[in-house]
Amino acid sequence: MRKITLTMLLLILGFLLVGCTDKEEVEKKEVDPKELLLSLKNDSPLVPIGDIPIPEDNPMTPEVLDLGQKLFFDPRLSGNNERSCSSCHDPNLGYGDDRPTFETYDGGDGARNSPTIINAGYYKVNFWDGRAGSLEEQALGPIQNPNEMNQKMDELVKELKAINGYEGLFMAAFNEGITEQNIAKALAAFERQIVVTDTPYDRFLQGDTKALNAQELRGLSLFSDKAFCSKCHNGPNLSDNNFYNTGIESDDEGLFAITKKAGDVGKFRTAGLYGITHTAPYMRDGSIATLEDVIEFYNNGGGDHRNKSFYFKNFMPLNLTKQEKADLLAFLKTLGGEPPIFEKPELPGM
């Protein structure tokens, strides 16, 4: 009887070992790059990013870009002459500030994470709640916000006119000289240079089947299917420009503050993913420190906010395995790229 029992135990152990091995093989099943590329082209909202849209009335001439760079780094755009655009959008910090939420004008903690400028010109609307319809409109928002740069635009125009050198720069860039509109145009044009476009992911979509390694291919396959990422992160900038409530508990009204529609409470615009390795911490409140934690957050179904969006309620948790989470992370890292680094130039009158 003991021999039969021992034999049975050995057989059971063998089946368990085989089962584990089979599971591991399933998790690491290689993805055929040609088949994946064909499936994405035929039935996917994922496309190469392409060139950044440039408004006809704001061409990116050398004079405009030079002026925009000076304005971006000039602290005199703020009420106390101490805070520039680069204070919250540091080129060496992924054009963010490496903080969960921005530092307010008086040194406190702001309500939201400073969104990176990387690829900001691809969005159809700007700010987390979409209140700006263009990058030009967005550029003036922080300047006038009492919690950010706290500067009235009419006073800024007067101040810039009084600084030796700025009038000539504006006249070279625009026929009208120093105006509120031209400040916005110069800043927006400069920011449209801050792009990540040539990633392994884009090269793969353009037909280079060797651009992604085996793990990254598995990650892209998950991104476009089981992990459900591409439902919201799609299109040229990997943002559908739509608004969702991912379940993060907060008093922040999000899109509701703009639309006053009850269904928009706690909804925020889908963030693009280019440059993502440079822009931690993540989410609109900076509450998630790493990409690994972001994956875990979605894998577990998001947060518990009462107005959590349909997709998060009905298609999550994702139930990704440890290997699948590692594969997805590997793919996301291919989107990081190397954003251009602009240095603070010599400023007029300083």
# chains A, B, ... in the order shown; residues from 1 in each chain; ligands from 1
>>> closest_atom_pairs(of="region 172-287 of chain A", to="region 85-100 of chain A", cutoff="9 Å", atoms="only C-alpha atoms", output="Markdown table")
| residue | atom | partner | partner_atom | distance |
| --- | --- | --- | --- | --- |
| A:Ile194 | CA | A:Tyr95 | CA | 8.7 |
| A:Gly275 | CA | A:Gly94 | CA | 7.3 |
| A:Ile276 | CA | A:Gly94 | CA | 8.5 |
| A:Thr277 | CA | A:Gly94 | CA | 8.4 |
| A:His278 | CA | A:Gly94 | CA | 4.7 |
| A:Thr279 | CA | A:Gly94 | CA | 5.1 |
| A:Ala280 | CA | A:Asp98 | CA | 6.3 |
| A:Pro281 | CA | A:Pro100 | CA | 5.9 |
| A:Tyr282 | CA | A:Pro100 | CA | 7.7 |
| A:Met283 | CA | A:Pro100 | CA | 8.7 |
| A:Arg284 | CA | A:Pro100 | CA | 8.5 |
| A:Asp285 | CA | A:Pro100 | CA | 6.1 |
| A:Gly286 | CA | A:Pro100 | CA | 3.8 |
| A:Ser287 | CA | A:Pro100 | CA | 6.2 |
>>> atom_distance(atom1="CA of Ala111 (chain A)", atom2="CA of Asp252 (chain A)")
7.9 Å
>>> select_by_dssp(residues="region 174-333 of chain A", states="alpha helix (DSSP H)", output="JSON, numbers by chain")
{"A": [180, 181, 182, 183, 184, 185, 186, 187, 188, 189, 190, 191, 200, 201, 202, 203, 204, 205, 214, 215, 216, 217, 218, 219, 220, 221, 222, 223, 256, 257, 258, 259, 291, 292, 293, 294, 295, 296, 297, 298, 299, 310, 311, 312, 313, 314, 322, 323, 324, 325, 326, 327, 328, 329, 330, 331, 332, 333]}
>>> select_by_dssp(residues="region 111-297 of chain A", states="strand (DSSP E)", output="list in words")
Phe243, Tyr244, Phe268 and Arg269 of chain A
>>> closest_residue(among="A:Ala326, A:Met149, A:Leu273, A:Ile248", to="His305 (chain A)", atoms="only C-alpha atoms")
A:Ile248
>>> residues_around(residues="Ala120 (chain A)", least_positions_apart="2", cutoff="12 Å", atoms="only C-alpha atoms", output="PyMOL selection string")
chain A and resi 52-54+89+95-96+115-118+122-128+132-136+138-139+188-196+236-239+241+271-275
>>> closest_atom_pairs(of="region 151-214 of chain A", to="region 60-67 of chain A", cutoff="8 Å", atoms="only C-alpha atoms", output="Markdown table")
| residue | atom | partner | partner_atom | distance |
| --- | --- | --- | --- | --- |
| A:Leu169 | CA | A:Leu67 | CA | 6.3 |
| A:Phe170 | CA | A:Leu67 | CA | 7.1 |
| A:Ala172 | CA | A:Glu63 | CA | 6.2 |
| A:Ala173 | CA | A:Val64 | CA | 4.9 |
| A:Phe174 | CA | A:Val64 | CA | 7.7 |
| A:Ala186 | CA | A:Val64 | CA | 5.4 |
| A:Leu187 | CA | A:Leu67 | CA | 7.9 |
| A:Ala189 | CA | A:Met60 | CA | 5.7 |
| A:Phe190 | CA | A:Leu65 | CA | 5.0 |
>>> residues_around(residues="region 296-299 of chain A", least_positions_apart="3", cutoff="6 Å", atoms="only C-alpha atoms", output="PyMOL selection string")
chain A and resi 293+302+317-318
>>> write_last_selection(atoms="C-alpha atoms", output="compact mmCIF listing (two decimals), in the first residue's frame")
# COMPACT_ATOMS: atom_id res chain seq x y z
CA ASP A 293 3.26 50.48 -10.02
CA GLY A 302 -7.87 50.89 -10.91
CA PRO A 317 -8.86 43.53 -13.25
CA LEU A 318 -6.62 42.37 -16.06
>>> residues_around(residues="Gly107 (chain A)", least_positions_apart="6", cutoff="12 Å", atoms="only C-alpha atoms", output="PyMOL selection string")
chain A and resi 82-83+101+147-149
